[in-house]
Each structure stands twice: as C-alpha cells, then as structure tokens.
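So this one's run_33.cif, mmCIF, C-alpha atoms:
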data_input
#
loop_
_atom_site.label_atom_id
_atom_site.label_comp_id
_atom_site.auth_asym_id
_atom_site.auth_seq_id
_atom_site.Cartn_x
_atom_site.Cartn_y
_atom_site.Cartn_z
CA MET A 1 0.00 0.00 0.00
CA ARG A 2 1.25 3.50 -0.82
CA PRO A 3 2.49 5.49 2.18
CA ALA A 4 0.20 8.17 3.51
CA ALA A 5 3.04 10.71 3.27
CA PRO A 6 3.25 13.65 3.42
CA HIS A 7 0.21 13.64 5.70
CA SER A 8 1.68 11.31 8.29
CA GLU A 9 5.26 12.56 8.48
CA GLU A 10 6.99 15.37 10.41
CA LEU A 11 4.38 15.56 13.14
CA ASN A 12 4.41 18.43 15.58
CA ALA A 13 4.23 17.94 19.35
CA ILE A 14 0.44 18.34 19.53
CA GLU A 15 -0.12 15.84 16.69
CA ARG A 16 2.20 13.32 18.32
CA MET A 17 0.36 13.76 21.61
CA GLY A 18 -3.04 13.21 19.98
CA LEU A 19 -1.82 10.21 17.99
CA GLY A 20 -0.23 8.63 21.06
CA PHE A 21 -3.34 9.13 23.18
CA LEU A 22 -5.65 7.53 20.59
CA ARG A 23 -3.33 4.57 20.05
CA SER A 24 -2.99 3.98 23.78
CA ARG A 25 -6.77 3.57 24.07
CA SER A 26 -7.48 1.68 20.83
CA ASN A 27 -8.44 -2.00 20.79
CA LYS A 28 -5.90 -3.53 18.41
CA HIS A 29 -7.40 -7.00 18.66
CA ARG A 30 -10.98 -6.16 17.79
CA ASP A 31 -12.28 -6.80 14.28
CA ALA A 32 -13.33 -3.70 12.35
CA MET A 33 -17.06 -3.44 11.70
CA CYS A 34 -18.49 -3.32 8.19
CA ALA A 35 -21.34 -1.09 9.38
CA TRP A 36 -22.38 0.42 12.69
CA PRO A 37 -25.27 -1.40 14.40
CA ALA A 38 -28.03 0.76 15.89
CA ARG A 39 -26.75 0.19 19.42
CA VAL A 40 -23.27 1.45 18.45
CA LEU A 41 -24.68 4.53 16.74
CA GLU A 42 -26.80 5.32 19.81
CA ARG A 43 -23.75 5.02 22.08
CA ILE A 44 -21.79 7.32 19.77
CA LYS A 45 -24.58 9.91 19.93
CA ARG A 46 -24.63 9.62 23.73
CA ILE A 47 -20.88 10.24 23.84
CA GLU A 48 -21.35 13.29 21.61
CA ARG A 49 -24.12 14.71 23.82
CA THR A 50 -22.08 14.20 26.99
CA THR A 51 -19.05 15.89 25.41
CA LEU A 52 -21.19 18.86 24.34
CA VAL A 53 -22.51 19.31 27.88
CA HIS A 54 -18.97 19.23 29.29
CA ALA A 55 -17.83 21.75 26.67
CA GLY A 56 -20.67 24.14 27.57
CA LEU A 57 -20.03 23.85 31.31
CA CYS A 58 -16.33 24.35 30.77
CA GLY A 59 -17.00 27.55 28.83
CA ALA A 60 -19.42 28.82 31.48
CA VAL A 61 -16.93 28.18 34.28
CA ALA A 62 -14.15 29.91 32.33
CA GLY A 63 -16.38 32.91 31.65
CA ALA A 64 -17.43 33.12 35.30
CA LEU A 65 -13.83 32.98 36.54
CA ILE A 66 -12.73 35.70 34.14
CA GLY A 67 -15.77 37.83 35.05
CA ALA A 68 -15.18 37.42 38.77
CA SER A 69 -11.52 38.30 38.39
CA GLU A 70 -12.50 41.53 36.61
CA LEU A 71 -14.79 42.52 39.50
CA VAL A 72 -12.06 41.76 42.06
CA LEU A 73 -9.53 43.81 40.10
CA HIS A 74 -11.98 46.69 39.81
CA ALA A 75 -12.45 46.60 43.59
CA HIS A 76 -8.69 46.65 44.09
CA PHE A 77 -7.67 49.25 41.48
CA GLY A 78 -10.90 51.28 41.44
CA GLU A 79 -13.36 51.99 38.65
CA ASP A 80 -10.73 53.96 36.72
CA ARG A 81 -8.49 50.85 36.65
CA GLY A 82 -5.71 52.68 38.45
CA GLY A 83 -5.67 56.01 36.65
CA GLU A 84 -6.99 58.24 33.91
CA ASP A 85 -4.15 57.54 31.48
CA LEU A 86 -3.70 54.19 29.77
CA LEU A 87 -0.11 53.98 31.02
CA ASP A 88 -1.34 54.23 34.60
CA GLN A 89 -3.71 51.29 33.98
CA TRP A 90 -1.02 48.78 32.97
CA PRO A 91 -0.97 46.91 36.32
CA PHE A 92 -4.73 46.32 36.01
CA TRP A 93 -4.52 45.06 32.44
CA ALA A 94 -1.43 42.97 33.10
CA ALA A 95 -3.18 41.20 35.99
CA TYR A 96 -6.41 40.79 34.02
CA LEU A 97 -4.71 39.41 30.90
CA GLY A 98 -2.56 37.09 33.03
CA ILE A 99 -5.62 35.61 34.72
CA ALA A 100 -7.50 35.36 31.40
CA LEU A 101 -4.59 33.55 29.73
CA VAL A 102 -4.24 31.03 32.56
CA VAL A 103 -7.99 30.33 32.63
CA SER A 104 -8.16 30.08 28.82
CA ALA A 105 -5.17 27.71 28.68
CA ALA A 106 -6.79 25.44 31.29
CA GLU A 107 -10.09 25.59 29.38
CA ILE A 108 -8.47 24.64 26.07
CA ALA A 109 -6.48 21.81 27.67
CA TYR A 110 -9.64 20.38 29.25
CA LEU A 111 -11.60 20.65 25.99
CA TYR A 112 -8.84 18.91 24.05
CA TRP A 113 -8.77 16.11 26.60
CA ARG A 114 -12.56 15.67 26.57
CA VAL A 115 -12.74 15.61 22.77
CA LEU A 116 -9.79 13.23 22.46
CA LEU A 117 -11.46 10.96 25.02
CA ALA A 118 -14.67 11.03 22.95
CA VAL A 119 -12.70 10.24 19.78
CA ALA A 120 -10.97 7.32 21.48
CA ARG A 121 -14.34 5.91 22.61
CA VAL A 122 -15.82 6.30 19.14
CA GLY A 123 -12.78 4.57 17.64
CA GLU A 124 -13.13 1.68 20.08
CA LEU A 125 -16.87 1.32 19.44
CA THR A 126 -16.47 1.32 15.65
CA GLY A 127 -13.60 -1.16 15.67
CA LEU A 128 -10.96 1.20 14.28
CA GLN A 129 -7.52 -0.30 14.75
CA LEU A 130 -5.00 2.51 15.16
CA GLY A 131 -1.78 0.60 14.70
CA PRO A 132 1.56 1.60 13.11
CA GLU A 133 0.64 0.73 9.51
CA ASP A 134 0.47 3.63 7.07
CA ALA A 135 -3.28 3.57 6.44
CA GLU A 136 -4.08 3.14 10.12
CA LYS A 137 -1.64 5.91 11.02
CA MET A 138 -3.38 8.15 8.50
CA MET A 139 -6.74 7.37 10.11
CA ALA A 140 -5.42 8.03 13.60
CA LEU A 141 -3.86 11.31 12.48
CA GLY A 142 -7.09 12.37 10.81
CA LEU A 143 -9.05 11.70 14.00
CA SER A 144 -6.52 13.38 16.29
CA ARG A 145 -6.31 16.44 14.03
CA ALA A 146 -10.08 16.71 14.01
CA ALA A 147 -10.19 16.39 17.80
CA LEU A 148 -7.48 19.04 18.26
CA ASP A 149 -9.00 21.26 15.56
CA ILE A 150 -5.83 21.15 13.46
CA PRO A 151 -6.38 21.86 9.74
CA ASN A 152 -5.57 19.23 7.13
CA PRO A 153 -2.03 19.51 5.67
CA ARG A 154 -1.82 21.75 2.62
CA ALA A 155 0.00 19.22 0.49
CA PRO A 156 -0.69 16.99 -2.53
CA ILE A 157 -2.11 13.52 -1.89
CA HIS A 158 -0.97 10.66 -4.11
CA GLY A 159 -0.33 12.89 -7.11
CA VAL A 160 -3.40 15.11 -6.65
CA ASP A 161 -3.14 18.68 -5.35
CA PRO A 162 -6.49 19.79 -3.84
CA TYR A 163 -5.16 23.33 -3.44
CA ALA A 164 -3.93 23.77 -7.02
CA ARG A 165 -6.69 26.30 -7.79
CA VAL A 166 -6.89 28.01 -4.38
CA PRO A 167 -5.19 31.43 -4.12
CA ARG A 168 -2.70 31.59 -1.23
CA TRP A 169 -4.31 34.74 0.13
CA ARG A 170 -7.61 32.90 0.60
CA LEU A 171 -5.96 30.18 2.70
CA VAL A 172 -4.34 32.83 4.91
CA LEU A 173 -7.62 34.74 5.23
CA GLN A 174 -9.53 31.62 6.24
CA ALA A 175 -7.02 30.89 9.01
CA ILE A 176 -7.22 34.47 10.33
CA MET A 177 -11.03 34.59 10.24
CA TYR A 178 -11.32 31.42 12.33
CA ARG A 179 -9.05 32.85 15.02
CA VAL A 180 -11.07 36.08 15.45
CA LYS A 181 -14.53 34.51 15.64
CA VAL A 182 -14.66 34.15 19.42
CA SER A 183 -13.23 37.57 20.20
CA ALA A 184 -15.47 39.27 17.62
CA THR A 185 -18.58 37.60 19.08
CA SER A 186 -17.63 38.73 22.60
CA VAL A 187 -16.99 42.32 21.49
CA VAL A 188 -20.35 42.56 19.69
CA LEU A 189 -22.18 41.26 22.77
CA ARG A 190 -20.45 43.80 25.00
CA ILE A 191 -21.40 46.67 22.68
CA ILE A 192 -25.06 45.57 22.64
CA LEU A 193 -25.16 45.33 26.44
CA ARG A 194 -23.69 48.79 26.82
CA ARG A 195 -26.45 50.17 24.60
CA LEU A 196 -29.25 48.33 26.39
CA LEU A 197 -28.14 48.66 30.03
CA GLY A 198 -27.31 51.64 32.16
CA ARG A 199 -23.82 52.39 33.41
CA ALA A 200 -24.44 50.96 36.89
CA ALA A 201 -25.83 47.74 35.48
CA VAL A 202 -22.96 47.46 33.01
CA ARG A 203 -20.39 47.57 35.81
CA THR A 204 -21.88 44.46 37.40
CA VAL A 205 -23.31 42.56 34.44
CA LEU A 206 -20.71 43.19 31.76
CA PRO A 207 -17.86 41.18 33.32
CA PHE A 208 -20.16 38.12 33.23
CA ALA A 209 -21.66 38.86 29.81
CA ALA A 210 -19.21 36.52 28.12
CA ILE A 211 -20.31 33.44 30.12
CA ALA A 212 -23.08 32.57 27.69
CA VAL A 213 -20.83 33.36 24.73
CA TYR A 214 -18.07 31.05 25.99
CA ALA A 215 -20.52 28.25 26.78
CA VAL A 216 -22.43 28.44 23.50
CA TRP A 217 -19.31 28.91 21.41
CA ASN A 218 -17.60 25.92 23.05
CA MET A 219 -20.63 23.78 22.26
CA ILE A 220 -20.79 24.99 18.65
CA VAL A 221 -17.10 24.32 18.00
CA THR A 222 -17.21 20.97 19.81
CA LYS A 223 -20.28 19.89 17.84
CA TRP A 224 -18.50 20.83 14.63
CA ILE A 225 -15.38 18.88 15.67
CA LEU A 226 -17.40 15.80 16.69
CA ALA A 227 -19.22 15.86 13.34
CA LYS A 228 -15.83 15.81 11.59
CA VAL A 229 -14.66 12.99 13.85
CA ARG A 230 -17.72 10.86 13.15
CA HIS A 231 -17.40 11.43 9.40
CA ARG A 232 -13.75 10.42 9.44
CA ALA A 233 -14.47 7.35 11.54
CA ALA A 234 -17.17 6.32 9.06
CA GLY A 235 -14.83 6.70 6.08
CA PRO A 236 -13.16 3.26 6.16
CA VAL A 237 -16.59 1.53 6.38
CA ALA A 238 -17.83 3.33 3.26
CA LEU A 239 -14.60 2.81 1.32
CA ARG A 240 -14.63 -0.90 2.06
CA ASP A 241 -18.17 -1.12 0.67
CA LEU A 242 -17.25 0.80 -2.48
CA ASP A 243 -14.23 -1.39 -3.14
CA GLU A 244 -16.44 -4.48 -2.99
CA MET A 245 -18.87 -2.89 -5.48
CA ILE A 246 -16.31 -1.91 -8.11
CA LYS A 247 -13.86 -4.82 -7.75
CA ALA A 248 -15.38 -7.08 -10.40
CA PRO A 249 -16.21 -4.46 -13.07
CA VAL A 250 -12.79 -2.78 -12.75
CA GLU A 251 -11.09 -6.06 -13.69
CA ALA A 252 -12.92 -5.96 -17.05
CA MET A 253 -12.07 -2.30 -17.76
CA ASP A 254 -9.28 -1.32 -20.17
CA GLY A 255 -6.48 1.08 -19.35
CA GLN A 256 -8.20 4.12 -20.86
CA ALA A 257 -11.36 3.60 -18.80
CA ARG A 258 -9.35 3.14 -15.61
CA GLN A 259 -7.40 6.31 -16.30
CA LEU A 260 -10.63 8.23 -16.90
CA VAL A 261 -12.02 7.15 -13.52
CA ALA A 262 -8.81 8.25 -11.78
CA GLU A 263 -8.87 11.63 -13.57
CA ALA A 264 -12.53 12.19 -12.61
CA VAL A 265 -11.78 11.43 -8.96
CA ALA A 266 -8.75 13.77 -9.08
CA GLU A 267 -10.92 16.54 -10.56
CA SER A 268 -13.56 16.18 -7.84
CA ILE A 269 -10.90 16.24 -5.10
CA THR A 270 -9.34 19.34 -6.64
CA ARG A 271 -12.73 21.03 -6.62
CA SER A 272 -13.11 20.21 -2.91
CA GLN A 273 -10.04 22.36 -2.09
CA ASP A 274 -9.28 20.16 0.92
CA ALA A 275 -6.76 17.38 1.63
CA HIS A 276 -9.25 15.44 3.74
CA PRO A 277 -7.88 12.19 5.27
CA ASN A 278 -10.74 10.24 3.71
CA TYR A 279 -9.41 11.36 0.32
CA VAL A 280 -5.97 10.01 1.21
CA LEU A 281 -7.41 6.61 2.09
CA PHE A 282 -9.69 6.62 -0.94
CA LEU A 283 -7.01 7.53 -3.48
CA ASP A 284 -4.66 4.94 -2.04
CA GLN A 285 -7.33 2.25 -2.27
CA LEU A 286 -8.59 3.33 -5.71
CA LEU A 287 -5.16 3.52 -7.34
CA ASP A 288 -4.42 0.02 -6.06
CA ARG A 289 -7.72 -1.23 -7.46
CA LEU A 290 -7.16 0.50 -10.83
CA ASP A 291 -3.51 -0.62 -10.88
CA LEU A 292 -2.33 2.94 -11.55
CA ASP A 293 0.60 4.95 -10.26
CA PRO A 294 0.07 8.46 -8.83
CA ASP A 295 2.48 9.82 -11.44
CA ALA A 296 0.04 8.70 -14.14
CA ILE A 297 -2.62 11.19 -13.01
CA GLU A 298 -2.57 14.17 -15.35
CA GLN A 299 -5.05 16.30 -13.36
CA ASP A 300 -6.37 17.78 -16.62
CA TRP A 301 -10.05 16.89 -16.85
CA SER A 302 -10.57 18.84 -20.10
CA ALA A 303 -8.55 16.16 -21.92
CA TRP A 304 -10.83 13.37 -20.63
CA SER A 305 -14.32 14.83 -20.28
CA GLY A 306 -15.29 14.02 -23.87
CA ARG A 307 -14.80 10.29 -23.29
CA VAL A 308 -17.37 9.87 -20.51
CA ALA A 309 -20.22 9.11 -22.92
CA ASP A 310 -18.16 6.42 -24.67
CA LEU A 311 -17.80 4.19 -21.61
CA ASP A 312 -19.76 0.95 -21.54
CA GLU A 313 -22.48 0.50 -18.93
CA ALA A 314 -20.30 -1.26 -16.35
CA ALA A 315 -17.45 1.25 -16.60
CA GLY A 316 -19.93 4.13 -16.53
CA GLN A 317 -21.41 2.77 -13.32
CA VAL A 318 -17.93 2.57 -11.74
CA LEU A 319 -17.31 6.18 -12.75
CA LEU A 320 -20.59 7.43 -11.28
CA ARG A 321 -20.19 5.47 -8.04
CA THR A 322 -16.62 6.64 -7.44
CA VAL A 323 -17.33 10.31 -8.17
CA THR A 324 -20.50 10.20 -6.04
CA THR A 325 -18.45 8.73 -3.19
CA VAL A 326 -15.85 11.49 -3.46
CA THR A 327 -18.65 14.06 -3.25
CA VAL A 328 -19.64 12.89 0.25
CA LEU A 329 -16.24 11.80 1.58
CA ASP A 330 -15.23 15.07 3.26
CA GLY A 331 -18.57 15.72 4.94
CA ARG A 332 -19.52 18.84 3.06
CA SER A 333 -19.56 18.77 -0.72
CA ARG A 334 -18.82 22.03 -2.49
CA ARG A 335 -21.10 23.39 -5.16
CA SER A 336 -18.42 22.84 -7.80
CA GLN A 337 -18.23 19.17 -6.81
CA ARG A 338 -21.98 18.78 -7.15
CA GLU A 339 -21.89 20.55 -10.51
CA PHE A 340 -19.13 18.21 -11.66
CA LEU A 341 -21.16 15.16 -10.64
CA SER A 342 -24.17 16.61 -12.46
CA GLN A 343 -22.09 17.06 -15.63
CA ILE A 344 -20.88 13.47 -15.56
CA ALA A 345 -24.42 12.24 -14.91
CA ALA A 346 -25.71 14.23 -17.91
CA ALA A 347 -23.00 12.75 -20.13
CA ARG A 348 -24.25 9.31 -19.09
CA ALA A 349 -27.92 10.20 -19.85
CA ARG A 350 -28.65 10.57 -16.15
CA ARG A 351 -29.62 13.39 -13.84
CA PHE A 352 -28.36 14.56 -10.47
CA ASP A 353 -30.66 14.26 -7.43
CA GLU A 354 -29.44 16.51 -4.61
CA GLN A 355 -31.99 15.15 -2.11
CA ALA A 356 -30.67 11.64 -2.71
CA LEU A 357 -27.13 12.94 -2.12
CA ARG A 358 -28.22 14.28 1.28
CA ARG A 359 -29.74 10.90 2.17
CA LEU A 360 -26.51 9.20 1.16
CA ARG A 361 -24.48 11.60 3.33
CA ARG A 362 -26.73 10.96 6.35
CA ALA A 363 -26.34 7.21 5.92
CA PHE A 364 -22.58 7.71 5.59
CA ASP A 365 -22.40 9.77 8.81
CA ASP A 366 -24.43 7.15 10.67
CA GLY A 367 -21.87 4.50 9.79
CA HIS A 368 -24.15 2.57 7.44
CA GLY A 369 -21.50 2.54 4.73
CA LEU A 370 -22.37 2.81 1.05
CA ASP A 371 -25.46 1.08 -0.28
CA ALA A 372 -25.65 0.40 -4.02
CA LYS A 373 -29.27 1.60 -4.21
CA LEU A 374 -28.52 4.83 -2.37
CA LEU A 375 -25.53 5.46 -4.65
CA SER A 376 -27.56 4.83 -7.81
CA ALA A 377 -30.40 7.05 -6.55
CA VAL A 378 -28.07 10.08 -6.64
CA THR A 379 -27.72 9.79 -10.44
CA PRO A 380 -30.86 8.02 -11.74
CA ARG A 381 -31.64 7.70 -15.42
CA THR A 382 -33.29 10.76 -16.92
CA ARG A 383 -36.44 8.86 -17.85
CA GLU A 384 -37.08 7.95 -14.19
CA VAL A 385 -39.57 10.12 -12.32
CA ALA A 386 -38.13 12.10 -9.39
#
Translate this structure into structure tokens?
Amino acid sequence: MRPAAPHSEELNAIERMGLGFLRSRSNKHRDAMCAWPARVLERIKRIERTTLVHAGLCGAVAGALIGASELVLHAHFGEDRGGEDLLDQWPFWAAYLGIALVVSAAEIAYLYWRVLLAVARVGELTGLQLGPEDAEKMMALGLSRAALDIPNPRAPIHGVDPYARVPRWRLVLQAIMYRVKVSATSVVLRIILRRLLGRAAVRTVLPFAAIAVYAVWNMIVTKWILAKVRHRAAGPVALRDLDEMIKAPVEAMDGQARQLVAEAVAESITRSQDAHPNYVLFLDQLLDRLDLDPDAIEQDWSAWSGRVADLDEAAGQVLLRTVTTVTVLDGRSRRSQREFLSQIAAARARRFDEQALRRLRRAFDDGHGLDAKLLSAVTPRTREVA
C-alpha cells in the first residue's frame, strides 16, 4: 500500500500527543465493523451529547472565573483601573490578561482532553484499529487532528493537489477569520449590552456577559469537531463497501477507462479544495484497485471529459459510483463538486438528485457505509420520475 506521506510525516508535538493518546486507548485485537449497528450509533450519539454538555459547562466556568476576576480587580484598582491615562492602567490590564490567559489555557487543555477521550471511545466502538501501519496511522492522524481542531495539511495527496486552484491569500484569510470569531462575538455582545443597560448595570453585568458566549461557542465548536470525527471514523466503512462494489467491473475495464475514472476522482478532489484524510485513504485504495501509479494522473479533466459518454455500462457505473463517493467523503460537498457530478451524470444520460445525495451523506455519517441503491439514486436515469 502506498504510504500516507506527506500527511503522516513530520508531526508536531500536539499531533504526536493526539496520535499517542488515541493509540494507547485503541483496541488492536478487535475486528473492524463493516457497518455500525443501531446500538453502536446510539452510544456514539450519547458520547457526543455528553461531550457537548462538558464543553458548555467548561465555557461557562471559564467565563465566570474571568468575570469574577474583573470585579475583584476593579475593587482593588478602582473603577478607573488605576488612573486616567492608559499607562497608569497597565498593572490592572497585566493582571487581568494574566488571569484570562491562565484560565483560557486550562479551558483549552480540558476541551482537548474531553474531545480526544470522545474520539478514542468512538474509535473503540467502531472497531478502528489505530496501529503503526500507514493507512491506520493516517486514520489516527485524521481523527486526532479533528479532535485538536488542526487543519488538514496543505500538500498533494498521491499525485493530486487539492489546493492547485486556491489562491494563497484565501488560505491565509480563512485561518485568520477562524481565530477572530470568538473575540469578535464577545466584542459585539459587550457593545449591545452597553447600549441596552445603564452604566451601573454594566459595571456588574458586563464582566459576566461573556459566560453565555463562551458556553455556546464551546458547544458549537465541539459539535463541529465531533461531526468531523464521526465522518472520518465512518470513512473506512464506506470505502470498504465501495471497493467491494467496483472490484469485479474494474477487472474488465481497459487502461483508458481506468485512467478516466482516476482523472474524474482527481478533478472532484481538486474542486473540494481540501486534503481530507478520507481522500488520502480513498485515493490509495482506488489507485491500487485501478492498478495505476500516482504519477500517471494528469489532473487535466478537459482532456478526458469528452470520453465519458463512450464508456460501456459497467465502466460508466464505476465512474458514477466513485465520483458520487468522493462528493460525500469530506462531509460537506462544495457546489463545484456537485456541478461536476451533475455534468458526468448528464453525459451518461442521467440526472443529479441533490436530495438523494443528502440521504446518502446521512447514511454515511451514521456508519451505514455505502449502499448500491442509495448510490444509484443520486444519479438516476433521466427517464425515471423524481
């Protein structure tokens, strides 16, 4: 199997910590499940709910501690924070920022631990074996990065560069915008409260105004992270199902048809603009199945798009199933990916059903894997009634 590099090499300290924690709690002797039974899915949802409650309480406690410290400092330094001039106020702000940093660091550490614990439990329930092999290391890294809210590496995967069409400035802007979300939300709330409440009320209420913000924001971010974790944990189940579906027809396909499938998958991944770990696993598995080398991928769909209509029925079905799978693999398909799938469907005298794609994604997230009927329903023949 091809190595998962560069996604699994040169890990930083946080990534090594997350990877080590997940491996220490994984069950290496348990067989991986082909699909998640209802009881397993219910336990996963219970773990998610418990983690959300802990995240909210953690945010509320952090907000309360910071608010209380502000009141204590006001009592010590006075309402003018130690003076009229900003320079005279530096002891107040130094003490306040020091307390806020300590509380925030403890809050973040606790949240990371809680989410990593939830990820480890999900991995154990779903039978994920996080051993030293390349594919398993890739899966463990994907889960730990999701838990620690670390972005996917901005690097090519098996000959495909998802960021080839993304301007560098946009990547930088996205990183900056994420970092200012919490502070911007807190500032807006403080401005609103100052407008609605009188000065006396503001002095008492304002230091605690961020409690709800911290609690709600922690729950929102944690819910988002857990959704990513569940989607990544469900990836190997779905990919195993797809490989079983396409194994026989791929053996009968010629080299040109196999290359076309690989180019279509590469185009969809490029349109996603994300090096999602599920893509790494999928490309590795698909290239093995197609018996192709990553260097053979041209990543120039314009040279292959005209050949879609010429595929026989079996090869056309492989193409549609693989591209449909790519569209749901990262948890949130982009419009350009859906448009690409619609174009391929039209070339095969089929149509694109977005509602069916949503049903497929829900089944994917619930660990049901990939069902042939659900896959086919996304691109039914044009003569079929919606």
Name every residue that the PyMOL selection byres ((chain A and resi 331-337) around 10) selects in this structure, writing the answer as a CSV table (one decimal) with C-alpha atoms, in the coordinates of the input with chains first and numbers rising.
chain,number,residue,atom,x,y,z
A,227,ALA,CA,-19.2,15.9,13.3
A,228,LYS,CA,-15.8,15.8,11.6
A,230,ARG,CA,-17.7,10.9,13.2
A,231,HIS,CA,-17.4,11.4,9.4
A,232,ARG,CA,-13.8,10.4,9.4
A,235,GLY,CA,-14.8,6.7,6.1
A,267,GLU,CA,-10.9,16.5,-10.6
A,268,SER,CA,-13.6,16.2,-7.8
A,269,ILE,CA,-10.9,16.2,-5.1
A,270,THR,CA,-9.3,19.3,-6.6
A,271,ARG,CA,-12.7,21.0,-6.6
A,272,SER,CA,-13.1,20.2,-2.9
A,273,GLN,CA,-10.0,22.4,-2.1
A,276,HIS,CA,-9.2,15.4,3.7
A,278,ASN,CA,-10.7,10.2,3.7
A,323,VAL,CA,-17.3,10.3,-8.2
A,324,THR,CA,-20.5,10.2,-6.0
A,326,VAL,CA,-15.8,11.5,-3.5
A,327,THR,CA,-18.6,14.1,-3.2
A,328,VAL,CA,-19.6,12.9,0.2
A,329,LEU,CA,-16.2,11.8,1.6
A,330,ASP,CA,-15.2,15.1,3.3
A,338,ARG,CA,-22.0,18.8,-7.2
A,339,GLU,CA,-21.9,20.6,-10.5
A,340,PHE,CA,-19.1,18.2,-11.7
A,341,LEU,CA,-21.2,15.2,-10.6
A,342,SER,CA,-24.2,16.6,-12.5
A,343,GLN,CA,-22.1,17.1,-15.6
A,357,LEU,CA,-27.1,12.9,-2.1
A,358,ARG,CA,-28.2,14.3,1.3
A,361,ARG,CA,-24.5,11.6,3.3
A,362,ARG,CA,-26.7,11.0,6.4
A,364,PHE,CA,-22.6,7.7,5.6
A,365,ASP,CA,-22.4,9.8,8.8
Using all atoms listed in the file, the shortest atom-to-atom distance to His158 in chain A among A:Asn218, A:Gln89, A:Ser305, A:Gln285 belongs to A:Gln285
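Picture a line from CA of Pro277 in chain A to CA of Ala303 in chain A; it runs 27.5 Å.
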(Q) Neighbouring residues of Arg43 in chain A were defined as those with any atom within 10 Å, considering only C-alpha atoms; residues of the same chain fewer than 4 positions away were excluded. Please report them as a PyMOL selection string. (A) chain A and resi 38-39+47-49+121-122+125
Excluding Ala234 in chain A and any residue of its chain fewer than 3 positions from it, enumerate the residues within 9 Å of it, using all atoms listed in the file, and give them as a CSV table (one decimal) with C-alpha atoms, in the coordinates of the input.
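around_32.csv, freshly written:
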chain,number,residue,atom,x,y,z
A,35,ALA,CA,-21.3,-1.1,9.4
A,36,TRP,CA,-22.4,0.4,12.7
A,126,THR,CA,-16.5,1.3,15.6
A,229,VAL,CA,-14.7,13.0,13.8
A,230,ARG,CA,-17.7,10.9,13.2
A,231,HIS,CA,-17.4,11.4,9.4
A,237,VAL,CA,-16.6,1.5,6.4
A,238,ALA,CA,-17.8,3.3,3.3
A,239,LEU,CA,-14.6,2.8,1.3
A,364,PHE,CA,-22.6,7.7,5.6
A,365,ASP,CA,-22.4,9.8,8.8
A,366,ASP,CA,-24.4,7.2,10.7
A,367,GLY,CA,-21.9,4.5,9.8
A,368,HIS,CA,-24.2,2.6,7.4
A,369,GLY,CA,-21.5,2.5,4.7
What residues come out when you apply the PyMOL selection byres ((chain A and resi 316) around 12) to this file, written as an mmCIF file with C-alpha atoms, keeping the file's coordinate frame?
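Output file result.cif is given in full below:
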data_model
loop_
_atom_site.group_PDB
_atom_site.id
_atom_site.type_symbol
_atom_site.label_atom_id
_atom_site.label_comp_id
_atom_site.auth_asym_id
_atom_site.auth_seq_id
_atom_site.Cartn_x
_atom_site.Cartn_y
_atom_site.Cartn_z
ATOM 1 C CA ILE A 246 -16.310 -1.910 -8.110
ATOM 2 C CA PRO A 249 -16.210 -4.460 -13.070
ATOM 3 C CA VAL A 250 -12.790 -2.780 -12.750
ATOM 4 C CA MET A 253 -12.070 -2.300 -17.760
ATOM 5 C CA ALA A 257 -11.360 3.600 -18.800
ATOM 6 C CA ARG A 258 -9.350 3.140 -15.610
ATOM 7 C CA LEU A 260 -10.630 8.230 -16.900
ATOM 8 C CA VAL A 261 -12.020 7.150 -13.520
ATOM 9 C CA ALA A 264 -12.530 12.190 -12.610
ATOM 10 C CA ARG A 307 -14.800 10.290 -23.290
ATOM 11 C CA VAL A 308 -17.370 9.870 -20.510
ATOM 12 C CA ALA A 309 -20.220 9.110 -22.920
ATOM 13 C CA ASP A 310 -18.160 6.420 -24.670
ATOM 14 C CA LEU A 311 -17.800 4.190 -21.610
ATOM 15 C CA ASP A 312 -19.760 0.950 -21.540
ATOM 16 C CA GLU A 313 -22.480 0.500 -18.930
ATOM 17 C CA ALA A 314 -20.300 -1.260 -16.350
ATOM 18 C CA ALA A 315 -17.450 1.250 -16.600
ATOM 19 C CA GLN A 317 -21.410 2.770 -13.320
ATOM 20 C CA VAL A 318 -17.930 2.570 -11.740
ATOM 21 C CA LEU A 319 -17.310 6.180 -12.750
ATOM 22 C CA LEU A 320 -20.590 7.430 -11.280
ATOM 23 C CA ARG A 321 -20.190 5.470 -8.040
ATOM 24 C CA THR A 322 -16.620 6.640 -7.440
ATOM 25 C CA VAL A 323 -17.330 10.310 -8.170
ATOM 26 C CA ILE A 344 -20.880 13.470 -15.560
ATOM 27 C CA ALA A 345 -24.420 12.240 -14.910
ATOM 28 C CA ALA A 346 -25.710 14.230 -17.910
ATOM 29 C CA ALA A 347 -23.000 12.750 -20.130
ATOM 30 C CA ARG A 348 -24.250 9.310 -19.090
ATOM 31 C CA ALA A 349 -27.920 10.200 -19.850
ATOM 32 C CA ARG A 350 -28.650 10.570 -16.150
ATOM 33 C CA SER A 376 -27.560 4.830 -7.810
ATOM 34 C CA THR A 379 -27.720 9.790 -10.440
#
